[in-house]
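Text of protein.cif, listed as mmCIF, C-alpha atoms:
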data_upload
loop_
_atom_site.label_atom_id
_atom_site.label_comp_id
_atom_site.auth_asym_id
_atom_site.auth_seq_id
_atom_site.Cartn_x
_atom_site.Cartn_y
_atom_site.Cartn_z
CA MET K 1 23.75 -24.58 204.04
CA PRO K 2 24.43 -20.84 203.80
CA GLU K 3 26.61 -19.69 200.95
CA ASN K 4 28.82 -17.62 203.27
CA PRO K 5 28.92 -19.13 206.76
CA PRO K 6 29.64 -16.68 209.58
CA SER K 7 33.32 -16.06 210.18
CA LEU K 8 34.86 -15.34 213.56
CA PRO K 9 38.36 -13.85 213.57
CA GLY K 10 40.37 -13.89 216.78
CA LYS K 11 39.65 -10.31 217.85
CA GLU K 12 35.93 -10.74 217.33
CA ARG K 13 36.02 -13.99 219.28
CA LEU K 14 37.80 -12.26 222.16
CA ILE K 15 35.29 -9.41 222.17
CA LEU K 16 32.37 -11.84 222.26
CA GLU K 17 33.98 -13.78 225.10
CA LEU K 18 34.54 -10.58 227.08
CA LEU K 19 31.02 -9.31 226.48
CA ILE K 20 29.48 -12.64 227.48
CA ALA K 21 31.68 -12.92 230.57
CA ALA K 22 31.51 -9.33 231.82
CA GLY K 23 28.21 -8.08 230.41
CA PRO K 24 27.64 -4.93 228.35
CA LEU K 25 30.81 -2.85 228.03
CA PHE K 26 32.06 0.34 226.45
CA GLY K 27 34.78 0.09 223.83
CA LEU K 28 37.41 1.42 226.21
CA GLU K 29 36.34 -1.07 228.89
CA LEU K 30 36.85 -3.87 226.39
CA VAL K 31 40.39 -2.62 225.80
CA LYS K 32 41.10 -2.58 229.53
CA HIS K 33 39.56 -6.02 230.13
CA SER K 34 41.59 -7.57 227.31
CA ASP K 35 44.98 -7.02 228.99
CA GLY K 36 46.53 -5.51 225.89
CA ALA K 37 45.01 -7.87 223.34
CA LEU K 38 42.71 -5.13 222.07
CA LYS K 39 43.91 -1.64 221.15
CA ARG K 40 42.12 1.70 221.27
CA GLY K 41 43.00 2.33 217.64
CA THR K 42 41.37 -0.81 216.31
CA VAL K 43 38.64 -1.94 218.67
CA TYR K 44 36.02 0.54 217.40
CA ALA K 45 36.46 -0.54 213.79
CA THR K 46 36.18 -4.18 214.91
CA LEU K 47 33.04 -3.42 216.91
CA ALA K 48 31.47 -1.63 213.93
CA ARG K 49 32.23 -4.64 211.73
CA MET K 50 30.74 -6.99 214.31
CA GLU K 51 27.63 -4.84 214.51
CA GLN K 52 27.32 -5.06 210.72
CA LYS K 53 27.57 -8.84 210.97
CA GLY K 54 24.94 -8.89 213.70
CA TYR K 55 27.21 -10.31 216.40
CA VAL K 56 26.83 -7.34 218.77
CA THR K 57 24.37 -4.56 219.30
CA SER K 58 24.93 -1.20 220.93
CA GLU K 59 23.09 1.55 222.70
CA GLN K 60 24.07 5.01 223.82
CA GLU K 61 24.34 5.74 227.50
CA GLU K 62 22.04 8.26 229.09
CA LEU K 63 23.94 11.48 229.74
CA GLN K 64 23.53 13.11 233.10
CA PRO K 65 21.96 16.59 232.99
CA GLY K 66 24.71 19.13 232.46
CA ALA K 67 27.24 16.51 231.38
CA ILE K 68 29.78 17.62 228.78
CA GLY K 69 30.76 15.50 225.82
CA LEU K 70 29.32 12.82 223.59
CA PRO K 71 27.34 9.91 225.03
CA ARG K 72 29.34 6.70 225.14
CA ARG K 73 28.19 3.57 223.34
CA ARG K 74 27.75 0.33 225.26
CA TYR K 75 28.00 -2.99 223.44
CA ARG K 76 26.29 -6.30 224.19
CA PRO K 77 26.35 -9.63 222.35
CA THR K 78 23.39 -10.71 220.23
CA ARG K 79 21.92 -14.19 220.13
CA LEU K 80 23.62 -14.72 216.77
CA GLY K 81 26.96 -13.69 218.25
CA GLU K 82 26.58 -16.16 221.10
CA ARG K 83 25.61 -18.94 218.69
CA VAL K 84 28.57 -18.21 216.42
CA LEU K 85 30.93 -18.27 219.40
CA ASN K 86 29.43 -21.56 220.63
CA ALA K 87 29.75 -23.04 217.16
CA TRP K 88 33.37 -21.94 216.98
CA VAL K 89 34.10 -23.53 220.39
CA LEU K 90 32.48 -26.80 219.26
CA LEU K 91 34.42 -26.72 216.01
CA SER K 92 37.72 -26.07 217.76
CA ARG K 93 37.04 -28.99 220.17
CA GLU K 94 36.17 -31.21 217.24
CA PHE K 95 39.55 -30.62 215.65
CA ALA K 96 41.55 -30.26 218.84
CA TRP K 97 42.90 -33.83 218.62
CA GLU K 98 44.50 -33.06 215.25
CA ALA K 99 46.43 -30.18 216.71
CA GLU K 100 47.89 -32.31 219.49
CA MET R 1 38.29 19.31 225.39
CA THR R 2 35.19 19.14 223.25
CA GLY R 3 36.36 21.82 220.84
CA THR R 4 39.29 19.78 219.59
CA ASN R 5 37.18 16.66 219.37
CA SER R 6 34.37 18.37 217.49
CA GLY R 7 36.98 19.66 215.03
CA PHE R 8 38.27 16.13 214.63
CA LEU R 9 34.75 14.85 214.03
CA GLN R 10 34.05 17.61 211.51
CA ALA R 11 37.17 16.60 209.58
CA ILE R 12 36.16 12.95 209.80
CA GLU R 13 32.66 13.71 208.54
CA VAL R 14 34.23 15.09 205.37
CA LEU R 15 36.10 11.85 204.78
CA PHE R 16 33.61 9.20 205.86
CA ASP R 17 29.87 8.72 205.58
CA ASP R 18 27.50 9.25 208.49
CA ALA R 19 27.06 5.57 209.32
CA THR R 20 30.81 5.08 209.69
CA VAL R 21 31.21 8.22 211.77
CA ASP R 22 28.38 7.14 214.08
CA SER R 23 29.53 3.55 214.46
CA VAL R 24 33.31 4.02 214.62
CA PHE R 25 34.47 7.53 215.45
CA ARG R 26 31.77 8.91 217.75
CA PRO R 27 32.13 6.00 220.22
CA ALA R 28 35.90 6.47 220.20
CA VAL R 29 35.68 10.21 220.84
CA ALA R 30 33.01 9.65 223.50
CA ASP R 31 35.27 7.18 225.32
CA PHE R 32 38.17 9.62 224.97
CA GLN R 33 36.10 12.37 226.56
CA GLY R 34 34.85 10.01 229.25
CA GLU R 35 38.36 8.92 230.19
CA LEU R 36 39.52 12.53 230.35
CA ARG R 37 36.51 13.35 232.52
CA ASP R 38 37.23 10.49 234.90
CA GLY R 39 40.98 11.04 235.04
CA GLY R 40 41.02 14.83 235.18
CA ASP R 41 41.40 17.20 232.29
CA THR R 42 44.64 18.83 233.46
CA GLY R 43 48.11 17.76 234.44
CA THR R 44 50.72 15.40 233.06
CA LYS R 45 48.45 12.41 233.21
CA ALA R 46 45.87 14.16 231.07
CA LEU R 47 48.59 15.16 228.60
CA LEU R 48 49.78 11.56 228.31
CA LEU R 49 46.18 10.46 227.89
CA ARG R 50 45.67 12.96 225.09
CA CYS R 51 48.83 11.79 223.34
CA ARG R 52 47.73 8.17 223.63
CA TRP R 53 44.30 8.96 222.23
CA PHE R 54 45.75 11.11 219.47
CA GLY R 55 47.81 8.13 218.29
CA ALA R 56 44.80 5.85 218.66
CA LEU R 57 42.58 8.11 216.57
CA VAL R 58 45.21 8.38 213.83
CA VAL R 59 45.46 4.59 213.76
CA LEU R 60 41.67 4.35 213.77
CA VAL R 61 41.44 6.55 210.66
CA GLY R 62 43.90 4.29 208.83
CA VAL R 63 42.33 1.06 210.05
CA THR R 64 38.84 2.22 209.15
CA THR R 65 39.92 3.29 205.67
CA VAL R 66 41.56 -0.09 205.01
CA SER R 67 38.70 -1.98 206.64
CA LEU R 68 36.07 -0.23 204.55
CA ALA R 69 38.04 -0.73 201.37
CA ARG R 70 38.26 -4.48 202.01
CA SER R 71 34.61 -4.95 202.84
CA SER R 72 31.99 -4.24 200.19
CA ARG R 73 29.13 -4.60 202.66
CA LEU R 74 30.18 -1.75 204.87
CA PRO R 75 29.60 1.90 204.08
CA ARG R 76 32.45 3.47 202.18
CA THR R 77 34.21 6.76 202.17
CA HIS R 78 32.69 9.52 200.10
CA PRO R 79 33.79 8.95 196.47
CA VAL R 80 34.61 12.60 195.89
CA ASP R 81 35.97 13.38 199.29
CA GLY R 82 38.04 10.19 199.32
CA ASN R 83 40.76 12.13 197.56
CA ALA R 84 40.93 14.43 200.53
CA SER R 85 42.05 11.50 202.65
CA MET R 86 45.35 11.64 200.75
CA LEU R 87 46.01 14.88 202.60
CA PHE R 88 46.27 12.81 205.74
CA LEU R 89 49.16 10.95 204.13
CA TYR R 90 50.93 13.92 202.58
CA ALA R 91 50.42 16.51 205.27
CA PRO R 92 52.49 14.77 208.00
CA LEU R 93 55.27 14.04 205.52
CA ILE R 94 55.50 17.63 204.34
CA ALA R 95 55.11 19.03 207.83
CA GLY R 96 57.75 16.69 209.23
CA ALA R 97 60.28 17.35 206.48
CA TRP R 98 59.55 21.06 206.08
CA TRP R 99 62.61 22.17 208.04
CA CYS R 100 64.93 20.60 205.48
CA VAL R 101 62.95 21.09 202.26
CA GLN R 102 61.66 24.63 202.74
CA VAL R 103 64.56 26.21 200.77
CA PHE R 104 64.15 23.74 197.93
CA ALA R 105 60.35 24.06 197.96
CA GLY R 106 60.52 27.85 197.90
CA ALA R 107 63.09 27.87 195.09
CA ALA R 108 61.01 25.36 193.12
CA VAL R 109 57.88 27.49 193.41
CA VAL R 110 59.67 30.73 192.42
CA GLY R 111 61.58 29.02 189.60
CA GLY R 112 58.44 27.34 188.31
CA VAL R 113 56.50 30.61 188.21
CA LEU R 114 59.35 32.39 186.39
CA LEU R 115 59.67 29.57 183.87
CA ALA R 116 55.91 29.55 183.26
CA CYS R 117 55.94 33.34 182.65
CA ALA R 118 58.87 33.04 180.24
CA LEU R 119 57.20 30.23 178.28
CA HIS R 120 53.96 32.18 178.09
CA ALA R 121 55.73 35.30 176.80
CA TRP R 122 57.64 33.27 174.20
CA ASN R 123 54.41 31.63 173.00
CA LEU R 124 52.73 35.00 172.60
CA ARG R 125 55.56 36.24 170.33
CA HIS R 126 55.83 33.04 168.30
CA ARG R 127 52.36 32.05 167.21
CA PRO R 128 52.24 28.45 166.09
CA VAL R 129 51.38 27.67 162.45
CA VAL R 130 48.52 25.25 162.42
CA GLY R 131 48.36 22.73 159.56
CA LEU R 132 50.26 22.47 156.27
CA SER R 133 48.37 23.15 153.01
CA ILE R 134 49.13 20.85 150.09
CA ASP R 135 48.66 22.18 146.62
CA GLN R 136 46.00 20.07 144.97
CA GLN R 137 47.72 20.35 141.57
CA GLU R 138 50.90 18.85 142.89
CA ARG R 139 49.12 15.93 144.41
CA PRO R 140 49.67 12.81 142.24
CA ALA R 141 46.60 11.46 140.48
CA ARG R 142 45.23 8.30 141.98
CA GLY R 143 43.32 5.56 140.23
CA PRO R 144 42.94 1.83 139.86
CA VAL R 145 46.03 -0.26 139.46
CA HIS R 146 45.16 -1.40 135.90
CA ALA R 147 45.06 2.22 134.75
CA LEU R 148 48.76 2.71 135.45
CA PRO R 149 50.79 3.12 132.25
CA VAL R 150 53.01 0.15 131.49
CA ALA R 151 56.00 0.42 129.14
CA ASP R 152 56.17 -2.10 126.30
CA ALA R 153 59.17 -4.21 127.17
CA PRO R 154 60.55 -6.80 124.72
CA PHE R 155 59.96 -10.40 125.75
CA VAL R 156 63.24 -12.09 126.48
CA SER R 157 63.24 -15.84 126.62
CA ALA R 158 65.18 -17.52 129.33
CA ARG R 159 66.55 -19.97 126.80
#
Take the structure in the file and give it back as structure tokens.
Amino acid sequence: MPENPPSLPGKERLILELLIAAGPLFGLELVKHSDGALKRGTVYATLARMEQKGYVTSEQEELQPGAIGLPRRRYRPTRLGERVLNAWVLLSREFAWEAE
Amino acid sequence: MTGTNSGFLQAIEVLFDDATVDSVFRPAVADFQGELRDGGDTGTKALLLRCRWFGALVVLVGVTTVSLARSSRLPRTHPVDGNASMLFLYAPLIAGAWWCVQVFAGAAVVGGVLLACALHAWNLRHRPVVGLSIDQQERPARGPVHALPVADAPFVSAR
């Protein structure tokens, strides 16, 4: 048994659910898909933390020739992220009867 | 559009390490630029968008600082330049309250300089005396306790 099992706070769970449901997304698209649950001021720090944990991975978009500005970063869930989310769903179902 | 953002990123690069800038702030600025591109860079809507992103980036700086401080596994702020982040806390306070504290601040600076000059001039005229010399001959002789002279006192019985 690992000494520190993976943790999954609510925001990270929501991001994983959105990424699995809608496919790879930019940070701003995650904010828009979340209907106000995610904020522009916090989602990037959460995504960086999730990338450190190995729950998501990211890649930069290809800029069009002559495009101005920085390339955006698109996020997608990793296999570990999907497994952690599945484990959390199973765990929450296991204890759902106690909450009722 | 990019000039302001590159200035923001340059300031952020002073405060945070490269990994944090690449993983947190560059994606945010890139999305900001992308949204401005898609929605038009001029007009009231663009102004509102800029205000919204300005607030978001300020929050992001605070959230990232707290987040990095709580997690030992993530890259941290530069140890030396971390002090500079305090400017982010003080600068808005001073700038916001400047209209009511400018007279006091100006008087405090002028008064402090005058006081410092007066103290310096007084110190130059009144040199301090360092140390007090004790005449060795006046110093009492020291020795073992049994060498102390004892007066011969008559024995008085309690009875």
Applied to this file, what does the PyMOL selection byres ((chain R) within 9 of (chain K)) return in terms of residues, put as a count of residues only? 31
Evaluate the PyMOL selection byres ((chain K and resi 56) around 10) and report residues as a PyMOL selection string: chain K and resi 12+15-16+19+24+47-55+57-58+75-82
Quick one: write out the picked residues with C-alpha atoms as a PDB file, keeping the file's coordinate frame?
ATOM      1  CA  GLU K  12      35.930 -10.740 217.330  1.00  0.00           C
ATOM      2  CA  ILE K  15      35.290  -9.410 222.170  1.00  0.00           C
ATOM      3  CA  LEU K  16      32.370 -11.840 222.260  1.00  0.00           C
ATOM      4  CA  LEU K  19      31.020  -9.310 226.480  1.00  0.00           C
ATOM      5  CA  PRO K  24      27.640  -4.930 228.350  1.00  0.00           C
ATOM      6  CA  LEU K  47      33.040  -3.420 216.910  1.00  0.00           C
ATOM      7  CA  ALA K  48      31.470  -1.630 213.930  1.00  0.00           C
ATOM      8  CA  ARG K  49      32.230  -4.640 211.730  1.00  0.00           C
ATOM      9  CA  MET K  50      30.740  -6.990 214.310  1.00  0.00           C
ATOM     10  CA  GLU K  51      27.630  -4.840 214.510  1.00  0.00           C
ATOM     11  CA  GLN K  52      27.320  -5.060 210.720  1.00  0.00           C
ATOM     12  CA  LYS K  53      27.570  -8.840 210.970  1.00  0.00           C
ATOM     13  CA  GLY K  54      24.940  -8.890 213.700  1.00  0.00           C
ATOM     14  CA  TYR K  55      27.210 -10.310 216.400  1.00  0.00           C
ATOM     15  CA  THR K  57      24.370  -4.560 219.300  1.00  0.00           C
ATOM     16  CA  SER K  58      24.930  -1.200 220.930  1.00  0.00           C
ATOM     17  CA  TYR K  75      28.000  -2.990 223.440  1.00  0.00           C
ATOM     18  CA  ARG K  76      26.290  -6.300 224.190  1.00  0.00           C
ATOM     19  CA  PRO K  77      26.350  -9.630 222.350  1.00  0.00           C
ATOM     20  CA  THR K  78      23.390 -10.710 220.230  1.00  0.00           C
ATOM     21  CA  ARG K  79      21.920 -14.190 220.130  1.00  0.00           C
ATOM     22  CA  LEU K  80      23.620 -14.720 216.770  1.00  0.00           C
ATOM     23  CA  GLY K  81      26.960 -13.690 218.250  1.00  0.00           C
ATOM     24  CA  GLU K  82      26.580 -16.160 221.100  1.00  0.00           C
TER      25      GLU K  82
END
CA of Leu36 (chain R) to CA of Gly62 (chain R), straight-line distance in Å: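 Calculated distance between CA of Gly62 (chain R) and CA of Leu36 (chain R) is 23.5 Å.
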If we count all atoms listed in the file and set the cut-off at 8 Å, which residues sit around Leu85 (chain K), ignoring sequence neighbours fewer than 2 positions away in its own chain? Please answer as a count of residues only. 10
Quick one: distance from CA of Val101 (chain R) to CA of Ala116 (chain R) in Å, one decimal?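 Between CA of Val101 (chain R) and CA of Ala116 (chain R) the gap is 22.0 Å.
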Could you check how far CA of Leu15 (chain R) sits from CA of Leu47 (chain R), in Å to one decimal?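 Separation between CA of Leu15 (chain R) and CA of Leu47 (chain R): 27.1 Å.
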Which residue of K:Leu63, K:Val84, K:Leu38, K:Leu30 approaches Pro6 (chain K) most closely, using all atoms listed in the file: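 Of K:Leu63, K:Val84, K:Leu38, K:Leu30, the one nearest Pro6 (chain K), counting all atoms listed in the file, is K:Val84.
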Provide region 70-96 of chain K rebuilt to N, CA, C and O atoms, formatted as a PDB file, keeping the file's coordinate frame.
ATOM      1  N   LEU K  70      30.215  13.720 224.314  1.00  0.00           N
ATOM      2  CA  LEU K  70      29.320  12.820 223.590  1.00  0.00           C
ATOM      3  C   LEU K  70      28.914  11.661 224.488  1.00  0.00           C
ATOM      4  O   LEU K  70      29.676  11.254 225.368  1.00  0.00           O
ATOM      5  N   PRO K  71      27.727  11.109 224.272  1.00  0.00           N
ATOM      6  CA  PRO K  71      27.340   9.910 225.030  1.00  0.00           C
ATOM      7  C   PRO K  71      28.128   8.701 224.547  1.00  0.00           C
ATOM      8  O   PRO K  71      28.334   8.517 223.347  1.00  0.00           O
ATOM      9  N   ARG K  72      28.574   7.898 225.494  1.00  0.00           N
ATOM     10  CA  ARG K  72      29.340   6.700 225.140  1.00  0.00           C
ATOM     11  C   ARG K  72      28.400   5.608 224.616  1.00  0.00           C
ATOM     12  O   ARG K  72      27.190   5.646 224.857  1.00  0.00           O
ATOM     13  N   ARG K  73      28.991   4.642 223.933  1.00  0.00           N
ATOM     14  CA  ARG K  73      28.190   3.570 223.340  1.00  0.00           C
ATOM     15  C   ARG K  73      28.548   2.250 224.042  1.00  0.00           C
ATOM     16  O   ARG K  73      29.734   1.892 224.125  1.00  0.00           O
ATOM     17  N   ARG K  74      27.532   1.577 224.522  1.00  0.00           N
ATOM     18  CA  ARG K  74      27.750   0.330 225.260  1.00  0.00           C
ATOM     19  C   ARG K  74      27.347  -0.845 224.364  1.00  0.00           C
ATOM     20  O   ARG K  74      26.289  -0.826 223.735  1.00  0.00           O
ATOM     21  N   TYR K  75      28.197  -1.853 224.339  1.00  0.00           N
ATOM     22  CA  TYR K  75      28.000  -2.990 223.440  1.00  0.00           C
ATOM     23  C   TYR K  75      27.567  -4.225 224.221  1.00  0.00           C
ATOM     24  O   TYR K  75      28.025  -4.454 225.339  1.00  0.00           O
ATOM     25  N   ARG K  76      26.703  -5.018 223.601  1.00  0.00           N
ATOM     26  CA  ARG K  76      26.290  -6.300 224.190  1.00  0.00           C
ATOM     27  C   ARG K  76      26.188  -7.332 223.070  1.00  0.00           C
ATOM     28  O   ARG K  76      25.921  -6.980 221.914  1.00  0.00           O
ATOM     29  N   PRO K  77      26.409  -8.600 223.397  1.00  0.00           N
ATOM     30  CA  PRO K  77      26.350  -9.630 222.350  1.00  0.00           C
ATOM     31  C   PRO K  77      24.903  -9.926 221.950  1.00  0.00           C
ATOM     32  O   PRO K  77      23.996  -9.836 222.781  1.00  0.00           O
ATOM     33  N   THR K  78      24.716 -10.282 220.694  1.00  0.00           N
ATOM     34  CA  THR K  78      23.390 -10.710 220.230  1.00  0.00           C
ATOM     35  C   THR K  78      23.293 -12.230 220.346  1.00  0.00           C
ATOM     36  O   THR K  78      24.284 -12.922 220.622  1.00  0.00           O
ATOM     37  N   ARG K  79      22.111 -12.735 220.105  1.00  0.00           N
ATOM     38  CA  ARG K  79      21.920 -14.190 220.130  1.00  0.00           C
ATOM     39  C   ARG K  79      22.757 -14.840 219.024  1.00  0.00           C
ATOM     40  O   ARG K  79      23.335 -15.903 219.237  1.00  0.00           O
ATOM     41  N   LEU K  80      22.803 -14.187 217.870  1.00  0.00           N
ATOM     42  CA  LEU K  80      23.620 -14.720 216.770  1.00  0.00           C
ATOM     43  C   LEU K  80      25.087 -14.764 217.174  1.00  0.00           C
ATOM     44  O   LEU K  80      25.787 -15.753 216.907  1.00  0.00           O
ATOM     45  N   GLY K  81      25.567 -13.708 217.826  1.00  0.00           N
ATOM     46  CA  GLY K  81      26.960 -13.690 218.250  1.00  0.00           C
ATOM     47  C   GLY K  81      27.270 -14.821 219.212  1.00  0.00           C
ATOM     48  O   GLY K  81      28.322 -15.466 219.104  1.00  0.00           O
ATOM     49  N   GLU K  82      26.369 -15.060 220.146  1.00  0.00           N
ATOM     50  CA  GLU K  82      26.580 -16.160 221.100  1.00  0.00           C
ATOM     51  C   GLU K  82      26.573 -17.510 220.390  1.00  0.00           C
ATOM     52  O   GLU K  82      27.394 -18.386 220.694  1.00  0.00           O
ATOM     53  N   ARG K  83      25.675 -17.667 219.421  1.00  0.00           N
ATOM     54  CA  ARG K  83      25.610 -18.940 218.690  1.00  0.00           C
ATOM     55  C   ARG K  83      26.870 -19.159 217.860  1.00  0.00           C
ATOM     56  O   ARG K  83      27.389 -20.272 217.784  1.00  0.00           O
ATOM     57  N   VAL K  84      27.348 -18.088 217.233  1.00  0.00           N
ATOM     58  CA  VAL K  84      28.570 -18.210 216.420  1.00  0.00           C
ATOM     59  C   VAL K  84      29.754 -18.570 217.305  1.00  0.00           C
ATOM     60  O   VAL K  84      30.584 -19.419 216.945  1.00  0.00           O
ATOM     61  N   LEU K  85      29.828 -17.953 218.481  1.00  0.00           N
ATOM     62  CA  LEU K  85      30.930 -18.270 219.400  1.00  0.00           C
ATOM     63  C   LEU K  85      30.826 -19.729 219.871  1.00  0.00           C
ATOM     64  O   LEU K  85      31.837 -20.445 219.914  1.00  0.00           O
ATOM     65  N   ASN K  86      29.614 -20.166 220.213  1.00  0.00           N
ATOM     66  CA  ASN K  86      29.430 -21.560 220.630  1.00  0.00           C
ATOM     67  C   ASN K  86      29.823 -22.524 219.512  1.00  0.00           C
ATOM     68  O   ASN K  86      30.467 -23.558 219.752  1.00  0.00           O
ATOM     69  N   ALA K  87      29.419 -22.185 218.294  1.00  0.00           N
ATOM     70  CA  ALA K  87      29.750 -23.040 217.160  1.00  0.00           C
ATOM     71  C   ALA K  87      31.261 -23.098 216.961  1.00  0.00           C
ATOM     72  O   ALA K  87      31.822 -24.167 216.663  1.00  0.00           O
ATOM     73  N   TRP K  88      31.924 -21.965 217.151  1.00  0.00           N
ATOM     74  CA  TRP K  88      33.370 -21.940 216.980  1.00  0.00           C
ATOM     75  C   TRP K  88      34.043 -22.798 218.065  1.00  0.00           C
ATOM     76  O   TRP K  88      35.003 -23.517 217.790  1.00  0.00           O
ATOM     77  N   VAL K  89      33.535 -22.726 219.297  1.00  0.00           N
ATOM     78  CA  VAL K  89      34.100 -23.530 220.390  1.00  0.00           C
ATOM     79  C   VAL K  89      33.929 -25.020 220.084  1.00  0.00           C
ATOM     80  O   VAL K  89      34.864 -25.826 220.241  1.00  0.00           O
ATOM     81  N   LEU K  90      32.727 -25.400 219.618  1.00  0.00           N
ATOM     82  CA  LEU K  90      32.480 -26.800 219.260  1.00  0.00           C
ATOM     83  C   LEU K  90      33.415 -27.240 218.141  1.00  0.00           C
ATOM     84  O   LEU K  90      33.976 -28.341 218.169  1.00  0.00           O
ATOM     85  N   LEU K  91      33.564 -26.391 217.157  1.00  0.00           N
ATOM     86  CA  LEU K  91      34.420 -26.720 216.010  1.00  0.00           C
ATOM     87  C   LEU K  91      35.876 -26.880 216.449  1.00  0.00           C
ATOM     88  O   LEU K  91      36.566 -27.815 216.018  1.00  0.00           O
ATOM     89  N   SER K  92      36.326 -25.989 217.309  1.00  0.00           N
ATOM     90  CA  SER K  92      37.720 -26.070 217.760  1.00  0.00           C
ATOM     91  C   SER K  92      37.938 -27.329 218.603  1.00  0.00           C
ATOM     92  O   SER K  92      39.009 -27.947 218.545  1.00  0.00           O
ATOM     93  N   ARG K  93      36.909 -27.735 219.393  1.00  0.00           N
ATOM     94  CA  ARG K  93      37.040 -28.990 220.170  1.00  0.00           C
ATOM     95  C   ARG K  93      37.057 -30.190 219.238  1.00  0.00           C
ATOM     96  O   ARG K  93      37.761 -31.166 219.469  1.00  0.00           O
ATOM     97  N   GLU K  94      36.253 -30.096 218.180  1.00  0.00           N
ATOM     98  CA  GLU K  94      36.170 -31.210 217.240  1.00  0.00           C
ATOM     99  C   GLU K  94      37.521 -31.509 216.596  1.00  0.00           C
ATOM    100  O   GLU K  94      37.888 -32.655 216.372  1.00  0.00           O
ATOM    101  N   PHE K  95      38.260 -30.429 216.334  1.00  0.00           N
ATOM    102  CA  PHE K  95      39.550 -30.620 215.650  1.00  0.00           C
ATOM    103  C   PHE K  95      40.731 -30.496 216.606  1.00  0.00           C
ATOM    104  O   PHE K  95      41.859 -30.432 216.137  1.00  0.00           O
ATOM    105  N   ALA K  96      40.457 -30.450 217.887  1.00  0.00           N
ATOM    106  CA  ALA K  96      41.550 -30.260 218.840  1.00  0.00           C
ATOM    107  C   ALA K  96      42.514 -31.436 218.812  1.00  0.00           C
ATOM    108  O   ALA K  96      43.732 -31.264 218.947  1.00  0.00           O
TER     109      ALA K  96
END
